[in-house]
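S.K.: For reference, the file work.cif (mmCIF, C-alpha atoms) is included below:
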```cif
data_work
#
loop_
_atom_site.label_atom_id
_atom_site.label_comp_id
_atom_site.auth_asym_id
_atom_site.auth_seq_id
_atom_site.Cartn_x
_atom_site.Cartn_y
_atom_site.Cartn_z
CA MET A 198 0.00 0.00 0.00
CA THR A 199 1.45 3.36 -1.01
CA GLN A 200 1.28 6.62 0.90
CA GLN A 201 -1.22 7.84 -1.70
CA ASP A 202 -3.45 4.87 -0.92
CA LEU A 203 -3.17 5.62 2.79
CA CYS A 204 -4.11 9.26 2.33
CA ARG A 205 -7.12 8.27 0.23
CA LEU A 206 -8.28 5.78 2.85
CA ARG A 207 -7.77 8.39 5.57
CA ARG A 208 -10.13 10.81 3.77
CA ASP A 209 -12.73 8.13 3.15
CA TYR A 210 -12.76 6.56 6.63
CA GLU A 211 -11.51 9.24 9.00
CA SER A 212 -14.74 9.05 11.02
CA CYS A 213 -14.47 5.31 11.70
CA ALA A 214 -13.76 3.96 15.18
CA LEU A 215 -12.60 0.57 16.37
CA ALA A 216 -15.84 -0.78 17.77
CA PRO A 217 -18.01 -3.71 16.68
CA ASP A 218 -20.94 -1.47 15.72
CA LYS A 219 -18.98 1.14 13.74
CA CYS A 220 -17.94 1.55 10.12
CA GLY A 221 -21.12 -0.13 8.90
CA GLU A 222 -19.52 -3.48 9.65
CA PRO A 223 -21.99 -6.37 9.85
CA GLU A 224 -21.00 -9.02 12.35
CA ALA A 225 -20.15 -11.48 9.55
CA GLN A 226 -17.97 -9.06 7.60
CA SER A 227 -14.26 -9.82 7.76
CA LEU A 228 -12.64 -6.37 7.70
CA ALA A 229 -12.87 -3.08 9.58
CA TRP A 230 -10.56 -0.09 9.51
CA ALA A 231 -9.77 3.02 11.52
CA GLU A 232 -6.99 5.52 12.09
CA ALA A 233 -4.98 6.06 15.25
CA ALA A 234 -1.89 8.22 15.80
CA GLY A 235 -1.60 8.87 12.07
CA CYS A 236 -1.62 5.16 11.21
CA LEU A 237 -4.11 3.04 9.34
CA LEU A 238 -5.43 0.13 11.40
CA LEU A 239 -7.00 -2.92 9.80
CA ARG A 240 -8.94 -5.40 11.90
CA ARG A 241 -9.74 -8.79 10.40
CA ARG A 242 -12.31 -11.26 11.67
CA MET A 243 -11.47 -14.88 10.93
CA GLY A 244 -14.36 -16.97 12.25
CA GLU A 245 -14.49 -16.21 15.96
CA ALA A 246 -10.92 -14.88 16.03
CA ILE A 247 -9.87 -11.25 15.52
CA CYS A 248 -6.48 -10.19 14.17
CA PHE A 249 -5.02 -6.74 13.54
CA ASP A 250 -2.54 -5.94 10.80
CA TYR A 251 0.57 -4.13 11.99
CA PRO A 252 -0.21 -0.36 11.87
CA ILE A 253 0.49 1.28 8.49
CA PRO A 254 2.01 4.70 9.26
CA GLY A 255 1.18 7.88 7.38
CA PRO A 256 3.67 10.74 6.93
CA GLU A 257 3.50 11.61 10.65
CA GLY A 258 2.34 8.26 11.95
CA GLU A 259 3.45 7.01 15.37
CA GLU A 260 3.50 3.23 15.37
CA ASP A 261 3.89 2.85 19.15
CA ARG A 262 0.83 4.99 19.87
CA ALA A 263 -1.15 3.13 17.22
CA LEU A 264 -0.21 -0.17 18.85
CA GLU A 265 -1.35 1.24 22.19
CA ALA A 266 -4.75 1.99 20.61
CA VAL A 267 -5.00 -1.61 19.43
CA GLU A 268 -3.96 -2.92 22.87
CA THR A 269 -6.53 -0.68 24.60
CA TRP A 270 -9.33 -1.79 22.28
CA CYS A 271 -8.53 -5.48 22.81
CA ALA A 272 -8.35 -5.04 26.59
CA GLU A 273 -11.65 -3.14 26.76
CA GLN A 274 -13.41 -5.61 24.46
CA GLU A 275 -11.80 -8.60 26.25
CA VAL A 276 -10.44 -9.88 22.95
CA PRO A 277 -7.08 -11.71 22.77
CA LEU A 278 -4.46 -9.54 21.08
CA ALA A 279 -3.28 -10.99 17.77
CA LEU A 280 -1.19 -9.13 15.18
CA SER A 281 -0.12 -9.89 11.64
CA VAL A 282 3.44 -8.56 11.57
CA PRO A 283 5.87 -8.00 8.68
CA ALA A 284 9.15 -9.82 9.19
CA GLU A 285 11.10 -6.57 9.57
CA LYS A 286 8.85 -5.47 12.48
CA ALA A 287 9.05 -8.78 14.36
CA PRO A 288 12.12 -7.88 16.51
CA ARG A 289 10.40 -4.69 17.62
CA LEU A 290 7.34 -6.56 18.88
CA LEU A 291 9.39 -9.31 20.50
CA ALA A 292 10.94 -6.57 22.61
CA ARG A 293 7.53 -5.00 23.28
CA TYR A 294 5.65 -8.06 24.56
CA PRO A 295 7.05 -10.23 27.39
CA ARG A 296 4.88 -13.24 26.47
CA VAL A 297 4.03 -14.04 22.87
CA ARG A 298 3.50 -17.04 20.60
CA VAL A 299 4.80 -16.52 17.07
CA SER A 300 3.99 -18.49 13.93
CA HIS A 301 4.29 -18.03 10.17
CA GLN A 302 1.12 -17.08 8.36
CA ARG A 303 0.25 -19.71 5.83
CA ASP A 304 -0.95 -17.15 3.29
CA ALA A 305 1.90 -14.66 3.77
CA ALA A 306 5.39 -16.10 4.07
CA SER A 307 6.91 -12.69 4.84
CA HIS A 308 4.57 -12.12 7.80
CA TYR A 309 4.37 -13.58 11.29
CA LEU A 310 1.27 -14.04 13.42
CA PHE A 311 1.85 -12.76 16.95
CA HIS A 312 -0.49 -14.11 19.66
CA VAL A 313 0.19 -11.90 22.67
CA GLU A 314 -0.33 -13.63 26.02
CA ASN A 315 -0.75 -12.09 29.45
CA GLU A 316 0.27 -13.27 32.89
CA LEU A 317 -2.89 -15.34 33.38
CA TYR A 318 -1.67 -17.86 30.81
CA ALA A 319 0.93 -19.00 33.36
CA LEU A 320 -1.63 -19.36 36.17
CA ALA A 321 -2.87 -22.94 36.43
CA GLU A 322 -5.40 -22.34 39.20
CA LEU A 323 -6.93 -19.52 41.15
CA PRO A 324 -4.84 -18.42 44.15
CA THR A 325 -5.75 -18.08 47.81
CA ILE A 326 -4.54 -14.87 49.46
CA ARG A 327 -4.83 -14.25 53.20
CA THR A 328 -4.74 -10.97 55.09
CA ALA A 329 -5.15 -10.15 58.78
CA ARG A 330 -8.96 -10.47 58.57
CA LEU A 331 -9.84 -11.70 55.10
CA THR A 332 -9.30 -14.50 52.63
CA LEU A 333 -9.34 -13.92 48.88
CA SER A 334 -10.13 -17.12 47.02
CA ALA A 335 -12.03 -18.67 44.11
CA LEU A 336 -15.76 -18.13 43.87
CA THR A 337 -17.65 -21.38 44.48
CA ASP A 338 -21.15 -22.65 43.77
CA SER A 339 -22.11 -21.91 47.37
CA ASP A 340 -21.30 -18.22 46.73
CA ARG A 341 -23.89 -17.83 43.95
CA ALA A 342 -26.57 -16.15 46.04
CA ALA A 343 -24.21 -13.68 47.72
CA TYR A 344 -22.39 -13.00 44.45
CA ASN A 345 -25.66 -12.43 42.60
CA ARG A 346 -26.78 -9.90 45.22
CA LEU A 347 -23.47 -8.07 44.83
CA CYS A 348 -23.70 -7.99 41.02
CA LEU A 349 -27.40 -6.99 40.95
CA ASP A 350 -27.13 -4.12 43.44
CA ASP A 351 -27.50 -1.22 40.99
CA ALA A 352 -27.33 1.44 43.69
CA ARG A 353 -24.08 0.02 45.06
CA ASN A 354 -22.64 -0.57 41.60
CA ARG A 355 -23.21 2.92 40.20
CA TYR A 356 -19.45 3.50 40.55
CA TRP A 357 -18.40 0.02 39.38
CA GLY A 358 -18.01 1.31 35.83
CA TYR A 359 -19.72 -1.63 34.12
CA ASP A 360 -23.36 -2.55 33.57
CA TYR A 361 -23.85 -6.29 33.13
CA ARG A 362 -26.81 -5.57 30.83
CA GLU A 363 -24.35 -4.57 28.11
CA ASP A 364 -23.35 -8.22 27.65
CA TRP A 365 -26.30 -10.10 29.11
CA HIS A 366 -28.47 -11.86 26.52
CA GLY A 367 -31.25 -13.19 28.68
CA GLU A 368 -29.45 -16.06 30.38
CA PRO A 369 -30.85 -17.07 33.82
CA LEU A 370 -29.40 -14.52 36.20
CA GLU A 371 -29.06 -17.01 39.04
CA ASP A 372 -26.28 -18.69 37.03
CA TYR A 373 -25.03 -15.87 34.84
CA PHE A 374 -22.53 -13.95 36.97
CA LEU A 375 -20.54 -16.84 38.39
CA ASP A 376 -20.52 -18.59 35.01
CA VAL A 377 -19.14 -15.47 33.30
CA ALA A 378 -16.41 -15.08 35.93
CA ARG A 379 -15.30 -18.66 35.35
CA GLN A 380 -15.45 -18.33 31.57
CA ASP A 381 -13.39 -15.14 31.64
CA PHE A 382 -10.67 -16.84 33.69
CA ALA A 383 -10.67 -19.82 31.31
CA ARG A 384 -10.15 -17.34 28.44
CA HIS A 385 -7.24 -15.70 30.31
CA MET A 386 -9.10 -12.38 30.35
CA THR A 387 -10.02 -11.76 33.99
CA LEU A 388 -9.21 -12.98 37.50
CA ASN A 389 -12.12 -12.70 39.96
CA LEU A 390 -11.67 -13.67 43.61
CA ALA A 391 -14.22 -13.69 46.41
CA VAL A 392 -13.46 -11.50 49.42
CA ARG A 393 -14.26 -13.68 52.43
CA LEU A 394 -14.82 -12.76 56.05
CA GLU A 395 -14.88 -15.87 58.24
CA GLY A 396 -15.56 -17.88 55.08
CA LYS A 397 -18.51 -15.79 53.88
CA CYS A 398 -18.37 -14.01 50.52
CA ILE A 399 -18.73 -10.28 51.23
CA GLY A 400 -17.32 -8.87 47.99
CA GLU A 401 -14.88 -9.42 45.16
CA VAL A 402 -11.57 -8.24 43.77
CA VAL A 403 -10.97 -8.35 40.02
CA LEU A 404 -7.82 -8.11 37.91
CA TYR A 405 -8.77 -7.32 34.31
CA ARG A 406 -7.76 -5.30 31.24
CA PHE A 407 -4.44 -7.11 30.93
CA THR A 408 -2.37 -5.20 28.37
CA GLY A 409 0.03 -7.97 27.37
CA ARG A 410 2.85 -5.62 28.33
CA GLY A 411 2.98 -6.40 32.03
CA SER A 412 0.11 -4.39 33.54
CA ALA A 413 -3.49 -5.00 34.53
CA GLU A 414 -6.29 -3.01 36.14
CA LEU A 415 -7.67 -3.81 39.59
CA GLY A 416 -11.17 -3.30 40.96
CA CYS A 417 -12.83 -4.11 44.27
CA ARG A 418 -16.40 -3.98 45.59
CA ILE A 419 -17.83 -4.89 48.98
CA ALA A 420 -21.45 -5.64 49.88
CA PRO A 421 -23.13 -2.62 51.50
CA GLU A 422 -23.75 -4.31 54.86
CA TYR A 423 -19.98 -4.78 55.24
CA SER A 424 -18.87 -1.31 54.17
CA GLY A 425 -17.17 1.12 56.51
CA HIS A 426 -14.85 -1.41 58.14
CA GLY A 427 -11.85 -1.14 55.83
CA TYR A 428 -12.44 -4.52 54.18
CA GLY A 429 -12.28 -3.05 50.69
CA ALA A 430 -8.96 -1.32 51.31
CA GLU A 431 -7.53 -4.48 52.91
CA ALA A 432 -8.59 -6.70 50.00
CA PHE A 433 -7.51 -4.18 47.36
CA GLY A 434 -4.05 -3.74 48.84
CA ALA A 435 -3.51 -7.48 49.18
CA MET A 436 -4.55 -8.16 45.60
CA ALA A 437 -2.33 -5.39 44.25
CA ASP A 438 0.68 -6.74 46.15
CA TRP A 439 -0.04 -10.30 45.02
CA GLY A 440 -0.33 -9.19 41.38
CA LEU A 441 3.09 -7.59 41.53
CA SER A 442 4.93 -10.20 43.59
CA SER A 443 3.30 -13.50 42.56
CA LEU A 444 1.70 -12.87 39.17
CA HIS A 445 4.84 -10.89 38.22
CA LEU A 446 3.02 -7.88 36.82
CA SER A 447 5.21 -4.84 36.34
CA ALA A 448 2.34 -2.49 37.26
CA VAL A 449 -1.20 -2.57 38.65
CA THR A 450 -3.51 0.29 37.73
CA ALA A 451 -6.90 1.46 38.95
CA ARG A 452 -9.42 4.19 38.30
CA SER A 453 -12.17 5.91 40.24
CA TYR A 454 -14.96 8.28 39.32
CA ARG A 455 -13.91 11.77 40.34
CA GLU A 456 -16.90 12.17 42.67
CA ASN A 457 -16.36 8.87 44.51
CA ALA A 458 -14.52 10.25 47.52
CA ALA A 459 -14.30 6.95 49.41
CA SER A 460 -12.76 5.14 46.46
CA LEU A 461 -10.30 7.96 45.86
CA ARG A 462 -9.09 7.75 49.45
CA MET A 463 -8.66 3.98 49.20
CA LEU A 464 -6.70 4.14 45.95
CA ALA A 465 -4.50 6.97 47.20
CA ALA A 466 -3.57 4.85 50.24
CA HIS A 467 -2.14 2.09 48.02
CA MET A 468 -1.10 3.75 44.74
CA ARG A 469 0.28 6.94 43.32
CA PRO A 470 -1.88 9.27 41.20
CA ASP A 471 -1.42 8.79 37.46
CA GLY A 472 -3.50 11.52 35.85
CA GLU A 473 -7.18 12.30 35.45
CA ASP A 474 -9.76 13.30 32.88
CA GLY A 475 -13.31 14.62 33.00
CA THR A 476 -14.66 11.33 34.37
CA PHE A 477 -11.94 9.38 36.18
CA CYS A 478 -8.89 9.78 38.38
CA TYR A 479 -6.21 7.21 37.58
CA PHE A 480 -3.75 5.46 39.88
CA ARG A 481 -0.76 3.16 39.44
CA LYS A 482 1.48 0.94 41.53
CA GLU A 483 4.69 -0.54 40.14
CA ALA A 484 6.82 -3.47 41.19
#
```
As structure tokens, how would this structure be written, given the file I've shared?
M.R.:
Amino acid sequence: MTQQDLCRLRRDYESCALAPDKCGEPEAQSLAWAEAAGCLLLRRRMGEAICFDYPIPGPEGEEDRALEAVETWCAEQEVPLALSVPAEKAPRLLARYPRVRVSHQRDAASHYLFHVENELYALAELPTIRTARLTLSALTDSDRAAYNRLCLDDARNRYWGYDYREDWHGEPLEDYFLDVARQDFARHMTLNLAVRLEGKCIGEVVLYRFTGRGSAELGCRIAPEYSGHGYGAEAFGAMADWGLSSLHLSAVTARSYRENAASLRMLAAHMRPDGEDGTFCYFRKEA
């Protein structure tokens, strides 16, 4: 593809965004495109799998920032990161990603297919983490009722940042939440642990949005009847430390709505501020 082709595509598709419902892309269509950091991005759907072509830079294109846009999209959509990479770019990506599986593409001998893995691929089973008062451990069938109440509490979850209705397709709710947590771990996307007080599930901690470059985001929520006792802060801090020391993340990040004063205090006690925007304040803790 020449620079002239790129400029023409930029004019034609400059309003496109990398999202499943954009660019007039039916679900069965195999190709979508967008621009990020002055680079053309092509996203291919091959059956159930999604693969991005290596960013095609324009005159002022920044390949690293374009790759960050791809990584962010995959993390937010909970899609495994896969890239079709020209041979000359392979060393650059091998240095970028700590864990990656590489293979030749059968239809392009000069390209490699990079399957980027995160730290969950090395985790055979869910851990058990103990603090002074709490135990963080795998959700079990006996936790379904308590876990469902936690997930269905709209008033409590207004600051959780995710509405389950976005992905729910009418499955029985009594099974839905625990089943999704287990499926997401099996897909190496998310790590959910119950927060237990004397064995009872009173909340959860979640590591998610793994970037493939050594970082993941952490969230925590506690049932309302157990709030105000510091359980959230205790569980959050323990999970952050475990992620850095045992899962070997290089950084754990978190975010809070600007108006959520209690969450901001908790995050500030365990992490350093890492910027803000009109909606969120961001935090980070490094190994």
S.K.: Just checking: using all atoms listed in the file, which residue out of A:Leu237, A:Ala420, A:Met386, A:Ala458 ends up closest to Glu273 of chain A?
M.R.: A:Met386
S.K.: Using only C-alpha atoms, which residues of segment 215-307 of chain A come within 7 Å of segment 403-410 of chain A, and what is the closest atom pair for each, with the distance in Å to one decimal? Give it as a tab-separated table, sorted by chain and residue number.
M.R.:
```
residue	atom	partner	partner_atom	distance
A:Glu268	CA	A:Thr408	CA	6.2
A:Ala272	CA	A:Arg406	CA	4.7
A:Glu273	CA	A:Arg406	CA	6.3
A:Arg293	CA	A:Arg410	CA	6.9
A:Tyr294	CA	A:Arg410	CA	5.3
A:Pro295	CA	A:Arg410	CA	6.3
```
S.K.: When the PyMOL selection byres ((chain A and resi 400) around 7) is applied to the structure above, which residues does it catch, written out as a PyMOL selection string?
M.R.: chain A and resi 347+391-392+398-399+401+418-420
S.K.: Do you know which residues lie at most 10 Å from (-11.2, -7.3, 8.5), with coordinates as in the file and all atoms listed in the file counted, and could you write them as a PyMOL selection string?
M.R.: chain A and resi 222+225-230+238-243+247-250
S.K.: For atom CA of Glu275 of chain A and atom CA of Ala466 of chain A, quote the distance in Å rounded to one decimal.
M.R.: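 If I compute the distance from atom CA of Glu275 of chain A to atom CA of Ala466 of chain A, I get 28.7 Å.
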S.K.: Ranking A:Tyr454, A:Ala279, A:Thr269, A:Arg341 by minimum distance to Asn354 of chain A and counting all atoms listed in the file, which one comes first?
M.R.: A:Tyr454
S.K.: Mind checking which residues fall within 6 Å of Val282 of chain A, counting all atoms listed in the file, ignoring those fewer than 2 positions away in the same chain, and posting them as a compact mmCIF listing (two decimals) with C-alpha atoms, in the coordinates of the input?
M.R.:
```txt
# COMPACT_ATOMS: atom_id res chain seq x y z
CA TYR A 251 0.57 -4.13 11.99
CA LEU A 280 -1.19 -9.13 15.18
CA HIS A 308 4.57 -12.12 7.80
CA TYR A 309 4.37 -13.58 11.29
```
S.K.: May I have the protein, DNA and RNA residues with any atom at most 6 Å from the point (-4.3, -13.7, 19.6), counting only C-alpha atoms, written as a VMD selection string?
M.R.: chain A and resid 277 to 279 312 to 313
S.K.: Mind pulling up the distance from atom CA of Ser424 of chain A to atom CA of Ala459 of chain A?
M.R.: 10.6 Å
S.K.: Just checking: using only C-alpha atoms, which residue out of A:Ala329, A:Cys348, A:Leu320, A:Ala335 ends up closest to Leu444 of chain A?
M.R.: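 Using only C-alpha atoms, the shortest distance to Leu444 of chain A belongs to A:Leu320.
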S.K.: Out of A:Gly429, A:Gly475, A:Gly434, A:Pro283, which residue has the shortest atom-to-atom distance to Arg455 of chain A when counting only C-alpha atoms?
M.R.: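 Residue with the minimum atom-to-atom distance to Arg455 of chain A: A:Gly475.
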